[in-house]
>>> print(open('coords18.cif').read())   # mmCIF, C-alpha atoms
data_run
#
loop_
_atom_site.label_atom_id
_atom_site.label_comp_id
_atom_site.auth_asym_id
_atom_site.auth_seq_id
_atom_site.Cartn_x
_atom_site.Cartn_y
_atom_site.Cartn_z
CA MET A 1 -0.49 18.83 4.70
CA LYS A 2 -4.00 17.65 5.39
CA ASN A 3 -5.68 17.01 2.04
CA PHE A 4 -3.39 16.85 -0.95
CA GLU A 5 -6.16 16.81 -3.56
CA LYS A 6 -4.02 17.16 -6.71
CA MET A 7 -1.55 14.30 -6.91
CA LEU A 8 0.21 13.59 -10.17
CA TYR A 9 0.52 10.04 -11.46
CA PRO A 10 4.08 8.95 -12.34
CA LYS A 11 4.94 8.24 -15.96
CA GLN A 12 3.63 5.00 -17.41
CA LEU A 13 5.69 1.80 -17.55
CA LYS A 14 6.34 0.49 -21.06
CA LYS A 15 7.73 -2.78 -22.34
CA GLY A 16 11.51 -2.53 -22.43
CA ASP A 17 11.66 -0.10 -19.50
CA THR A 18 13.83 -0.85 -16.49
CA VAL A 19 12.40 -1.91 -13.13
CA GLY A 20 14.40 -1.38 -9.96
CA VAL A 21 14.07 -4.39 -7.65
CA ILE A 22 14.42 -3.77 -3.90
CA CYS A 23 13.94 -5.38 -0.49
CA PRO A 24 13.17 -2.43 1.82
CA SER A 25 12.15 -4.70 4.69
CA SER A 26 13.10 -8.40 4.88
CA ALA A 27 15.32 -10.49 2.59
CA ILE A 28 14.74 -13.48 0.34
CA PRO A 29 16.85 -16.67 0.03
CA SER A 30 19.78 -16.43 -2.39
CA ASP A 31 18.33 -19.15 -4.62
CA LYS A 32 15.24 -17.03 -5.22
CA ILE A 33 17.03 -14.00 -6.69
CA GLU A 34 17.22 -15.43 -10.21
CA LYS A 35 13.51 -16.31 -10.07
CA VAL A 36 12.71 -12.74 -9.04
CA LYS A 37 14.83 -11.36 -11.88
CA SER A 38 13.33 -13.72 -14.46
CA CYS A 39 9.79 -12.99 -13.28
CA VAL A 40 10.15 -9.27 -14.04
CA GLU A 41 12.06 -9.83 -17.27
CA ASN A 42 9.39 -12.26 -18.49
CA MET A 43 6.91 -9.39 -18.19
CA GLY A 44 8.95 -7.55 -20.81
CA TYR A 45 11.10 -5.31 -18.62
CA LYS A 46 14.81 -4.94 -17.91
CA THR A 47 15.90 -5.20 -14.29
CA LYS A 48 18.31 -3.46 -11.96
CA LEU A 49 18.69 -5.33 -8.67
CA ALA A 50 19.70 -3.99 -5.28
CA ASP A 51 22.63 -5.95 -3.84
CA ASN A 52 21.00 -6.67 -0.47
CA LEU A 53 18.10 -8.86 -1.62
CA ASP A 54 19.49 -11.88 0.23
CA LYS A 55 21.39 -10.11 2.98
CA VAL A 56 20.08 -10.98 6.45
CA PHE A 57 20.61 -8.55 9.30
CA ALA A 58 19.44 -9.26 12.87
CA GLY A 59 17.55 -12.29 11.59
CA TYR A 60 14.69 -10.47 9.86
CA MET A 61 15.91 -7.45 7.86
CA ALA A 62 17.68 -7.14 4.49
CA GLY A 63 20.46 -5.03 5.96
CA ASP A 64 20.49 -2.18 8.47
CA GLY A 65 18.20 0.80 7.93
CA ASP A 66 20.71 3.01 6.14
CA GLU A 67 21.63 0.23 3.71
CA ARG A 68 18.04 -0.47 2.73
CA ALA A 69 17.22 3.24 2.45
CA LYS A 70 20.31 3.69 0.27
CA TRP A 71 18.76 1.40 -2.32
CA VAL A 72 15.41 3.20 -2.24
CA ASN A 73 17.24 6.50 -2.78
CA ARG A 74 19.47 5.04 -5.53
CA MET A 75 16.58 3.60 -7.47
CA PHE A 76 14.71 6.90 -7.42
CA ALA A 77 17.85 8.85 -8.37
CA ASP A 78 18.88 6.47 -11.19
CA PRO A 79 17.69 7.90 -14.55
CA GLU A 80 17.78 4.41 -16.08
CA VAL A 81 15.17 3.10 -13.60
CA ASP A 82 11.58 3.71 -14.69
CA ALA A 83 9.71 1.96 -11.86
CA ILE A 84 10.48 0.35 -8.50
CA PHE A 85 8.97 -2.99 -7.46
CA CYS A 86 9.36 -4.31 -3.93
CA VAL A 87 10.30 -7.98 -3.72
CA ARG A 88 8.50 -8.60 -0.43
CA GLY A 89 7.45 -6.98 2.84
CA GLY A 90 8.36 -8.42 6.22
CA ASP A 91 9.75 -6.29 9.02
CA GLY A 92 12.07 -3.38 9.70
CA SER A 93 10.92 -0.56 7.41
CA SER A 94 10.64 1.78 10.40
CA ARG A 95 14.43 1.60 10.75
CA LEU A 96 15.09 2.88 7.21
CA MET A 97 12.71 5.87 7.32
CA PRO A 98 15.18 8.45 8.76
CA TYR A 99 17.58 7.73 5.91
CA LEU A 100 15.24 8.34 2.98
CA ASP A 101 16.30 11.33 0.87
CA TYR A 102 12.98 13.05 0.19
CA GLU A 103 14.51 15.71 -2.03
CA ILE A 104 15.93 13.06 -4.37
CA ILE A 105 12.61 11.18 -4.36
CA LYS A 106 10.56 14.35 -5.03
CA ALA A 107 12.81 15.24 -7.94
CA ASN A 108 12.47 11.80 -9.54
CA PRO A 109 8.86 10.58 -9.26
CA LYS A 110 8.31 7.09 -10.63
CA ILE A 111 6.05 4.07 -10.15
CA PHE A 112 6.58 2.48 -6.73
CA VAL A 113 4.77 -0.77 -5.83
CA GLY A 114 4.48 -2.73 -2.60
CA TYR A 115 2.36 -3.36 0.49
CA SER A 116 2.52 -4.67 4.08
CA ASP A 117 5.65 -3.34 5.85
CA VAL A 118 6.10 -1.05 2.83
CA THR A 119 3.21 1.03 4.23
CA ASN A 120 5.71 3.33 5.95
CA ILE A 121 7.28 4.22 2.60
CA HIS A 122 3.88 4.74 0.98
CA MET A 123 2.92 7.27 3.66
CA ALA A 124 6.16 9.19 3.10
CA LEU A 125 5.85 9.12 -0.70
CA ASN A 126 2.24 10.33 -0.59
CA GLN A 127 2.42 12.84 2.23
CA ILE A 128 5.99 14.18 2.16
CA CYS A 129 6.92 13.75 -1.51
CA GLY A 130 3.50 14.40 -3.06
CA MET A 131 3.65 11.21 -5.15
CA VAL A 132 1.02 8.65 -6.08
CA SER A 133 2.26 5.16 -5.18
CA PHE A 134 0.70 1.73 -5.62
CA HIS A 135 -0.57 -0.75 -3.03
CA GLY A 136 -0.12 -3.76 -5.26
CA PRO A 137 1.48 -7.18 -5.74
CA MET A 138 5.14 -7.76 -4.90
CA ILE A 139 7.52 -9.90 -6.90
CA SER A 140 8.32 -12.72 -4.48
CA SER A 141 5.08 -12.54 -2.52
CA ASN A 142 2.73 -12.57 -5.51
CA MET A 143 4.17 -12.31 -9.00
CA ILE A 144 6.45 -15.36 -8.98
CA ASP A 145 3.48 -17.66 -8.36
CA GLY A 146 1.59 -15.98 -11.20
CA LEU A 147 -1.08 -13.29 -11.18
CA THR A 148 -4.59 -14.18 -12.22
CA ASP A 149 -5.96 -12.37 -15.25
CA GLU A 150 -7.98 -10.10 -12.96
CA GLU A 151 -4.97 -9.36 -10.74
CA SER A 152 -2.81 -8.62 -13.78
CA THR A 153 -5.44 -6.36 -15.33
CA SER A 154 -5.90 -4.51 -12.05
CA PHE A 155 -2.15 -4.04 -11.67
CA PHE A 156 -1.28 -2.79 -15.14
CA ASP A 157 -4.48 -0.78 -15.66
CA THR A 158 -3.91 0.97 -12.34
CA ILE A 159 -0.21 1.83 -12.66
CA ASN A 160 -0.66 2.90 -16.30
CA ALA A 161 -4.11 4.52 -16.03
CA GLU A 162 -4.81 7.01 -18.81
CA SER A 163 -7.87 8.61 -17.26
CA ASP A 164 -10.24 8.51 -14.27
CA PHE A 165 -11.38 4.98 -13.42
CA ASP A 166 -13.46 2.85 -11.04
CA TYR A 167 -11.78 0.25 -8.86
CA GLN A 168 -12.98 -3.26 -9.75
CA ASN A 169 -13.17 -6.07 -7.23
CA PRO A 170 -12.73 -9.56 -8.71
CA LYS A 171 -15.85 -11.33 -9.90
CA GLY A 172 -17.72 -12.92 -7.02
CA TYR A 173 -16.44 -10.39 -4.45
CA GLU A 174 -18.93 -7.68 -3.60
CA ILE A 175 -17.83 -4.37 -2.11
CA LYS A 176 -20.00 -4.31 1.00
CA LYS A 177 -21.45 -1.29 2.81
CA LEU A 178 -20.92 -0.99 6.55
CA LYS A 179 -22.01 2.64 6.82
CA GLY A 180 -23.72 4.53 4.01
CA GLY A 181 -22.82 7.83 2.41
CA LYS A 182 -20.51 9.42 -0.11
CA ALA A 183 -17.18 11.16 0.37
CA ILE A 184 -14.25 12.57 -1.58
CA GLY A 185 -10.64 12.66 -0.39
CA ASN A 186 -7.23 11.31 -1.22
CA LEU A 187 -6.74 7.60 -0.53
CA VAL A 188 -4.18 7.02 2.24
CA GLY A 189 -3.25 4.06 4.41
CA GLY A 190 -2.18 0.45 4.20
CA ASN A 191 -1.31 -2.06 6.90
CA LEU A 192 -3.10 -1.37 10.19
CA SER A 193 -0.18 -2.06 12.54
CA LEU A 194 2.03 0.35 10.58
CA LEU A 195 -0.68 3.03 10.50
CA SER A 196 -0.96 2.82 14.27
CA ALA A 197 2.82 2.83 14.75
CA SER A 198 3.22 5.87 12.48
CA ILE A 199 1.52 8.19 14.96
CA GLY A 200 4.07 10.63 16.35
CA THR A 201 6.51 10.20 13.45
CA PRO A 202 7.26 12.66 10.60
CA PHE A 203 5.34 10.36 8.24
CA GLU A 204 2.31 9.93 10.53
CA VAL A 205 -0.75 8.90 8.54
CA GLU A 206 -2.66 12.02 7.54
CA SER A 207 -6.28 10.95 7.49
CA GLU A 208 -7.87 14.37 7.95
CA ASP A 209 -10.19 15.08 4.98
CA ASN A 210 -8.98 11.89 3.29
CA ILE A 211 -10.21 8.33 2.65
CA LEU A 212 -8.45 5.81 4.90
CA PHE A 213 -7.61 2.33 3.56
CA ILE A 214 -6.85 -0.41 6.12
CA GLU A 215 -5.73 -4.06 5.81
CA GLU A 216 -4.06 -6.59 8.11
CA VAL A 217 -2.77 -10.17 8.32
CA CYS A 218 -2.20 -12.90 10.91
CA GLU A 219 -3.16 -10.95 14.02
CA PRO A 220 -5.61 -11.71 16.83
CA MET A 221 -8.77 -9.62 17.10
CA SER A 222 -7.46 -8.12 20.33
CA LYS A 223 -4.67 -6.39 18.38
CA ILE A 224 -7.07 -5.24 15.67
CA GLU A 225 -9.12 -3.70 18.47
CA LYS A 226 -6.05 -2.03 20.00
CA TRP A 227 -4.84 -0.51 16.75
CA ILE A 228 -8.26 0.61 15.47
CA PHE A 229 -9.02 2.32 18.75
CA HIS A 230 -5.53 3.84 18.79
CA LEU A 231 -6.43 5.48 15.48
CA ARG A 232 -9.74 6.62 16.96
CA ASN A 233 -8.20 7.95 20.17
CA ALA A 234 -5.54 9.79 18.15
CA GLY A 235 -8.24 11.59 16.15
CA LYS A 236 -7.48 9.73 12.93
CA LEU A 237 -10.98 8.33 12.39
CA ASP A 238 -13.17 11.27 13.32
CA LYS A 239 -11.15 13.50 10.97
CA CYS A 240 -11.25 11.24 7.93
CA ARG A 241 -13.99 11.40 5.30
CA GLY A 242 -14.46 7.68 4.75
CA ILE A 243 -12.94 4.25 5.34
CA VAL A 244 -12.14 1.37 2.97
CA LEU A 245 -11.45 -1.97 4.63
CA GLY A 246 -9.32 -4.33 2.58
CA GLN A 247 -8.39 -7.92 3.32
CA PHE A 248 -7.97 -9.06 6.92
CA THR A 249 -6.21 -12.31 6.09
CA LYS A 250 -6.00 -15.01 8.77
CA VAL A 251 -7.40 -12.57 11.31
CA GLU A 252 -9.72 -14.46 13.63
CA ASN A 253 -11.54 -14.21 16.93
CA ALA A 254 -11.63 -17.77 18.25
CA GLU A 255 -13.57 -16.83 21.35
CA GLU A 256 -16.33 -14.93 19.53
CA PRO A 257 -16.09 -15.34 15.74
CA SER A 258 -18.99 -12.99 15.00
CA TYR A 259 -17.03 -10.08 16.50
CA ASP A 260 -14.71 -9.46 13.58
CA GLU A 261 -12.80 -6.53 12.08
CA ASN A 262 -16.01 -5.05 10.71
CA GLU A 263 -17.60 -5.05 14.16
CA VAL A 264 -14.49 -3.52 15.71
CA THR A 265 -14.50 -0.76 13.10
CA LEU A 266 -18.21 -0.05 13.57
CA ALA A 267 -17.69 0.12 17.34
CA ALA A 268 -14.92 2.68 16.88
CA LEU A 269 -17.14 4.69 14.52
CA ARG A 270 -20.33 4.40 16.55
CA ASP A 271 -20.93 8.17 16.73
CA LEU A 272 -19.32 9.13 13.41
CA ASP A 273 -21.32 9.65 10.24
CA ILE A 274 -18.87 8.65 7.51
CA PRO A 275 -19.14 6.08 4.69
CA VAL A 276 -17.42 2.74 5.27
CA VAL A 277 -17.04 -0.23 2.91
CA CYS A 278 -15.38 -3.62 3.38
CA ASN A 279 -14.37 -6.70 1.38
CA VAL A 280 -12.08 -4.74 -0.95
CA GLN A 281 -9.67 -7.36 -2.25
CA SER A 282 -6.34 -5.71 -1.60
CA GLY A 283 -3.95 -6.82 1.12
CA HIS A 284 -2.29 -10.10 2.08
CA GLY A 285 -4.81 -12.42 0.47
CA LYS A 286 -5.50 -13.74 -2.98
CA PRO A 287 -6.77 -12.26 -5.20
CA MET A 288 -4.63 -9.17 -4.71
CA MET A 289 -5.90 -6.09 -6.52
CA THR A 290 -4.02 -2.79 -6.90
CA LEU A 291 -4.94 0.56 -5.35
CA PRO A 292 -3.40 3.97 -6.21
CA LEU A 293 -2.47 5.54 -2.88
CA GLY A 294 -2.48 9.33 -2.79
CA THR A 295 -4.95 9.61 -5.65
CA LEU A 296 -8.12 11.68 -5.23
CA CYS A 297 -10.82 9.12 -4.46
CA THR A 298 -14.61 9.21 -4.49
CA LEU A 299 -16.16 6.64 -2.16
CA ASP A 300 -19.86 5.88 -2.63
CA ALA A 301 -20.70 3.30 0.02
CA ASP A 302 -24.36 3.02 -1.00
CA GLU A 303 -23.41 2.09 -4.56
CA GLY A 304 -20.34 0.06 -3.57
CA ARG A 305 -18.24 2.25 -5.85
CA ILE A 306 -14.67 3.51 -5.46
CA SER A 307 -13.46 5.93 -8.15
CA PHE A 308 -10.08 7.52 -8.77
CA LYS A 309 -9.03 10.73 -10.52
CA VAL A 310 -5.93 10.46 -12.70
CA GLU A 311 -3.85 13.57 -13.31
CA ARG A 312 -0.52 13.66 -15.09
#
>>> encode(input="coords18.cif", output="structure tokens")
Amino acid sequence: MKNFEKMLYPKQLKKGDTVGVICPSSAIPSDKIEKVKSCVENMGYKTKLADNLDKVFAGYMAGDGDERAKWVNRMFADPEVDAIFCVRGGDGSSRLMPYLDYEIIKANPKIFVGYSDVTNIHMALNQICGMVSFHGPMISSNMIDGLTDEESTSFFDTINAESDFDYQNPKGYEIKKLKGGKAIGNLVGGNLSLLSASIGTPFEVESEDNILFIEEVCEPMSKIEKWIFHLRNAGKLDKCRGIVLGQFTKVENAEEPSYDENEVTLAALRDLDIPVVCNVQSGHGKPMMTLPLGTLCTLDADEGRISFKVER
């Protein structure tokens, strides 16, 4: 699969529906489970919780890979579960990937929301299962502390979109042009370190003829450089149709602050004529807006416009 053009949206989430709650990467403290449950129920949904939310394996994972994958598979297979919300990201999603049951997931498409280490699962859902998934707020990381009105509108309008729509940055945040032009392709991507690490795997990011979304958090500019140029050297940038840069939260270059993620990206794209925008407010920062991964996307860098096609 190179360009997957027609990607169907999952069914909408209604009040009274059941949300499956999972930790596919790292765990949360036991005393936070009830807060997570109440947070979702206060939105008007029933909950079904995985039993490993507070289980700690090897110091940083919510169980071994097969255990965490089991809960992803169960939530997709369960006819009572209408959507799946990730509690948090963290580390360790690479370990669960071989245990995902793609046939079960393909047969039971539903809303799936998360970001960060969840990027691995997004790539598999989009590229192997042919599903739209959502790069959006997670329960413990974002929702418990309360979503702003703009974050909430972005989240619910995106997961329940009725028709084609334009992405909206929060007020006061301009979508900025780094390289002009217009392109159409499916939106793929997520966390930069995971995109780089995916190369050579069965769920390797498929950027050819698509629009690549990238975000990162708490890394030095030297690693941003390494991973961006890994994508370039692997042919992932010269084959994509456009690039959307999200939040690069707490990413700094202490030695030369002016040489930031935008400059690194432009350096990697020096001889490529593709549209690039930055300052899209989705990633590890606040505000956290929602993006529909896998959806056919039109990127107009000159107008600062990102549009999505909704098909059901």
>>> resolve_selection(input="coords18.cif", expression="the PyMOL selection byres ((chain A and resi 22) around 8)", output="ChimeraX atom specification")
/A:20-21,23-24,49-50,52-53,71-72,84-87
>>> write_last_selection(input="coords18.cif", atoms="C-alpha atoms", output="PDB file, keeping the file's coordinate frame")
ATOM      1  CA  GLY A  20      14.400  -1.380  -9.960  1.00  0.00           C
ATOM      2  CA  VAL A  21      14.070  -4.390  -7.650  1.00  0.00           C
ATOM      3  CA  CYS A  23      13.940  -5.380  -0.490  1.00  0.00           C
ATOM      4  CA  PRO A  24      13.170  -2.430   1.820  1.00  0.00           C
ATOM      5  CA  LEU A  49      18.690  -5.330  -8.670  1.00  0.00           C
ATOM      6  CA  ALA A  50      19.700  -3.990  -5.280  1.00  0.00           C
ATOM      7  CA  ASN A  52      21.000  -6.670  -0.470  1.00  0.00           C
ATOM      8  CA  LEU A  53      18.100  -8.860  -1.620  1.00  0.00           C
ATOM      9  CA  TRP A  71      18.760   1.400  -2.320  1.00  0.00           C
ATOM     10  CA  VAL A  72      15.410   3.200  -2.240  1.00  0.00           C
ATOM     11  CA  ILE A  84      10.480   0.350  -8.500  1.00  0.00           C
ATOM     12  CA  PHE A  85       8.970  -2.990  -7.460  1.00  0.00           C
ATOM     13  CA  CYS A  86       9.360  -4.310  -3.930  1.00  0.00           C
ATOM     14  CA  VAL A  87      10.300  -7.980  -3.720  1.00  0.00           C
TER      15      VAL A  87
END
>>> atom_distance(input="coords18.cif", atom1="CA of Pro202 in chain A", atom2="CA of Gly235 in chain A")
16.5 Å
>>> atom_distance(input="coords18.cif", atom1="CA of Arg68 in chain A", atom2="CA of Val81 in chain A")
17.0 Å
>>> closest_residue(input="coords18.cif", among="A:Cys297, A:Lys250, A:Glu216, A:Ile199", to="Asn233 in chain A", atoms="only C-alpha atoms")
A:Ile199
>>> closest_residue(input="coords18.cif", among="A:Phe57, A:Phe213, A:Phe203, A:Tyr45", to="Met123 in chain A", atoms="all atoms listed in the file")
A:Phe203
>>> resolve_selection(input="coords18.cif", expression="the PyMOL selection byres ((chain A and resi 294) around 9)", output="ChimeraX atom specification")
/A:4-8,122-123,125-127,130-134,186-189,292-293,295-297
>>> residues_around(input="coords18.cif", residues="Val277 in chain A", least_positions_apart="2", cutoff="10 Å", atoms="all atoms listed in the file", output="list of chain:residue names")
A:Ile175, A:Lys176, A:Lys177, A:Leu178, A:Lys179, A:Gly180, A:Gly181, A:Phe213, A:Gly242, A:Ile243, A:Val244, A:Leu245, A:Gly246, A:Asn262, A:Pro275, A:Asn279, A:Val280, A:Leu299, A:Asp300, A:Ala301, A:Asp302, A:Gly304, A:Arg305, A:Ile306
>>> residues_around(input="coords18.cif", residues="Val310 in chain A", least_positions_apart="4", cutoff="7 Å", atoms="all atoms listed in the file", output="CSV table (one decimal) with C-alpha atoms, in the frame of the given file")
chain,number,residue,atom,x,y,z
A,9,TYR,CA,0.5,10.0,-11.5
A,163,SER,CA,-7.9,8.6,-17.3
A,164,ASP,CA,-10.2,8.5,-14.3
>>> atom_distance(input="coords18.cif", atom1="CA of Thr265 in chain A", atom2="CA of Glu151 in chain A")
27.1 Å
>>> resolve_selection(input="coords18.cif", expression="the PyMOL selection byres ((chain A and resi 160) around 9)", output="PyMOL selection string")
chain A and resi 9-14+155-159+161-162
>>> closest_residue(input="coords18.cif", among="A:Gly65, A:Pro257, A:Pro98, A:Pro109", to="Pro220 in chain A", atoms="all atoms listed in the file")
A:Pro257
>>> decode(input="coords18.cif", residues="range 194-228 of chain A", atoms="N, CA and C atoms", output="PDB file, in the first residue's frame")
ATOM      1  N   LEU A 194       9.161   7.484  16.870  1.00  0.00           N
ATOM      2  CA  LEU A 194       8.486   6.252  16.472  1.00  0.00           C
ATOM      3  C   LEU A 194       8.457   6.098  14.956  1.00  0.00           C
ATOM      4  N   LEU A 195       8.276   7.207  14.230  1.00  0.00           N
ATOM      5  CA  LEU A 195       8.305   7.147  12.773  1.00  0.00           C
ATOM      6  C   LEU A 195       9.660   6.638  12.291  1.00  0.00           C
ATOM      7  N   SER A 196      10.721   7.190  12.881  1.00  0.00           N
ATOM      8  CA  SER A 196      12.067   6.761  12.520  1.00  0.00           C
ATOM      9  C   SER A 196      12.276   5.284  12.863  1.00  0.00           C
ATOM     10  N   ALA A 197      11.849   4.887  14.057  1.00  0.00           N
ATOM     11  CA  ALA A 197      12.056   3.507  14.508  1.00  0.00           C
ATOM     12  C   ALA A 197      11.212   2.504  13.728  1.00  0.00           C
ATOM     13  N   SER A 198      10.162   2.964  13.059  1.00  0.00           N
ATOM     14  CA  SER A 198       9.282   2.045  12.328  1.00  0.00           C
ATOM     15  C   SER A 198       9.919   1.503  11.049  1.00  0.00           C
ATOM     16  N   ILE A 199      10.956   2.179  10.564  1.00  0.00           N
ATOM     17  CA  ILE A 199      11.546   1.791   9.284  1.00  0.00           C
ATOM     18  C   ILE A 199      12.155   0.396   9.390  1.00  0.00           C
ATOM     19  N   GLY A 200      11.739  -0.474   8.489  1.00  0.00           N
ATOM     20  CA  GLY A 200      12.178  -1.866   8.497  1.00  0.00           C
ATOM     21  C   GLY A 200      11.207  -2.813   9.157  1.00  0.00           C
ATOM     22  N   THR A 201      10.113  -2.280   9.726  1.00  0.00           N
ATOM     23  CA  THR A 201       9.099  -3.114  10.378  1.00  0.00           C
ATOM     24  C   THR A 201       7.908  -3.322   9.433  1.00  0.00           C
ATOM     25  N   PRO A 202       7.005  -4.255   9.750  1.00  0.00           N
ATOM     26  CA  PRO A 202       5.814  -4.451   8.918  1.00  0.00           C
ATOM     27  C   PRO A 202       4.874  -3.250   8.903  1.00  0.00           C
ATOM     28  N   PHE A 203       4.990  -2.382   9.919  1.00  0.00           N
ATOM     29  CA  PHE A 203       4.123  -1.202   9.993  1.00  0.00           C
ATOM     30  C   PHE A 203       4.898   0.075   9.689  1.00  0.00           C
ATOM     31  N   GLU A 204       6.005  -0.043   8.963  1.00  0.00           N
ATOM     32  CA  GLU A 204       6.826   1.098   8.567  1.00  0.00           C
ATOM     33  C   GLU A 204       5.977   2.222   7.981  1.00  0.00           C
ATOM     34  N   VAL A 205       6.229   3.445   8.408  1.00  0.00           N
ATOM     35  CA  VAL A 205       5.431   4.571   7.945  1.00  0.00           C
ATOM     36  C   VAL A 205       5.479   4.648   6.420  1.00  0.00           C
ATOM     37  N   GLU A 206       4.291   4.738   5.815  1.00  0.00           N
ATOM     38  CA  GLU A 206       4.176   4.760   4.362  1.00  0.00           C
ATOM     39  C   GLU A 206       3.868   6.186   3.909  1.00  0.00           C
ATOM     40  N   SER A 207       4.913   6.928   3.670  1.00  0.00           N
ATOM     41  CA  SER A 207       4.763   8.342   3.329  1.00  0.00           C
ATOM     42  C   SER A 207       4.604   8.590   1.840  1.00  0.00           C
ATOM     43  N   GLU A 208       4.897   7.595   1.012  1.00  0.00           N
ATOM     44  CA  GLU A 208       4.857   7.819  -0.428  1.00  0.00           C
ATOM     45  C   GLU A 208       3.458   8.252  -0.874  1.00  0.00           C
ATOM     46  N   ASP A 209       3.379   9.396  -1.543  1.00  0.00           N
ATOM     47  CA  ASP A 209       2.126   9.970  -2.049  1.00  0.00           C
ATOM     48  C   ASP A 209       1.181  10.410  -0.938  1.00  0.00           C
ATOM     49  N   ASN A 210       1.685  10.521   0.275  1.00  0.00           N
ATOM     50  CA  ASN A 210       0.848  10.927   1.398  1.00  0.00           C
ATOM     51  C   ASN A 210       1.368  12.201   2.059  1.00  0.00           C
ATOM     52  N   ILE A 211       0.583  12.748   2.992  1.00  0.00           N
ATOM     53  CA  ILE A 211       0.962  13.916   3.778  1.00  0.00           C
ATOM     54  C   ILE A 211       1.486  13.412   5.119  1.00  0.00           C
ATOM     55  N   LEU A 212       2.696  13.816   5.478  1.00  0.00           N
ATOM     56  CA  LEU A 212       3.355  13.304   6.681  1.00  0.00           C
ATOM     57  C   LEU A 212       3.229  14.299   7.830  1.00  0.00           C
ATOM     58  N   PHE A 213       2.636  13.848   8.942  1.00  0.00           N
ATOM     59  CA  PHE A 213       2.514  14.649  10.160  1.00  0.00           C
ATOM     60  C   PHE A 213       3.595  14.224  11.151  1.00  0.00           C
ATOM     61  N   ILE A 214       4.276  15.212  11.761  1.00  0.00           N
ATOM     62  CA  ILE A 214       5.376  14.930  12.684  1.00  0.00           C
ATOM     63  C   ILE A 214       5.261  15.804  13.934  1.00  0.00           C
ATOM     64  N   GLU A 215       5.450  15.195  15.116  1.00  0.00           N
ATOM     65  CA  GLU A 215       5.531  15.933  16.381  1.00  0.00           C
ATOM     66  C   GLU A 215       6.554  15.249  17.275  1.00  0.00           C
ATOM     67  N   GLU A 216       7.017  15.975  18.315  1.00  0.00           N
ATOM     68  CA  GLU A 216       7.993  15.392  19.235  1.00  0.00           C
ATOM     69  C   GLU A 216       7.967  16.138  20.558  1.00  0.00           C
ATOM     70  N   VAL A 217       8.607  15.533  21.586  1.00  0.00           N
ATOM     71  CA  VAL A 217       8.621  16.114  22.921  1.00  0.00           C
ATOM     72  C   VAL A 217       9.927  15.768  23.638  1.00  0.00           C
ATOM     73  N   CYS A 218      10.440  16.747  24.385  1.00  0.00           N
ATOM     74  CA  CYS A 218      11.538  16.531  25.336  1.00  0.00           C
ATOM     75  C   CYS A 218      12.746  15.825  24.728  1.00  0.00           C
ATOM     76  N   GLU A 219      13.181  16.291  23.578  1.00  0.00           N
ATOM     77  CA  GLU A 219      14.374  15.730  22.951  1.00  0.00           C
ATOM     78  C   GLU A 219      15.307  16.856  22.537  1.00  0.00           C
ATOM     79  N   PRO A 220      16.622  16.605  22.539  1.00  0.00           N
ATOM     80  CA  PRO A 220      17.566  17.618  22.073  1.00  0.00           C
ATOM     81  C   PRO A 220      17.508  17.743  20.550  1.00  0.00           C
ATOM     82  N   MET A 221      17.931  18.906  20.042  1.00  0.00           N
ATOM     83  CA  MET A 221      17.880  19.126  18.606  1.00  0.00           C
ATOM     84  C   MET A 221      18.743  18.121  17.846  1.00  0.00           C
ATOM     85  N   SER A 222      19.785  17.615  18.482  1.00  0.00           N
ATOM     86  CA  SER A 222      20.630  16.628  17.810  1.00  0.00           C
ATOM     87  C   SER A 222      19.852  15.361  17.451  1.00  0.00           C
ATOM     88  N   LYS A 223      18.899  14.963  18.314  1.00  0.00           N
ATOM     89  CA  LYS A 223      18.083  13.791  17.994  1.00  0.00           C
ATOM     90  C   LYS A 223      17.029  14.120  16.944  1.00  0.00           C
ATOM     91  N   ILE A 224      16.473  15.320  16.985  1.00  0.00           N
ATOM     92  CA  ILE A 224      15.540  15.734  15.936  1.00  0.00           C
ATOM     93  C   ILE A 224      16.243  15.656  14.585  1.00  0.00           C
ATOM     94  N   GLU A 225      17.461  16.164  14.551  1.00  0.00           N
ATOM     95  CA  GLU A 225      18.282  16.105  13.339  1.00  0.00           C
ATOM     96  C   GLU A 225      18.475  14.657  12.882  1.00  0.00           C
ATOM     97  N   LYS A 226      18.856  13.789  13.801  1.00  0.00           N
ATOM     98  CA  LYS A 226      19.116  12.386  13.467  1.00  0.00           C
ATOM     99  C   LYS A 226      17.884  11.721  12.876  1.00  0.00           C
ATOM    100  N   TRP A 227      16.740  11.918  13.516  1.00  0.00           N
ATOM    101  CA  TRP A 227      15.531  11.227  13.077  1.00  0.00           C
ATOM    102  C   TRP A 227      14.974  11.815  11.773  1.00  0.00           C
ATOM    103  N   ILE A 228      15.011  13.141  11.635  1.00  0.00           N
ATOM    104  CA  ILE A 228      14.533  13.757  10.394  1.00  0.00           C
ATOM    105  C   ILE A 228      15.381  13.291   9.214  1.00  0.00           C
TER     106      ILE A 228
END
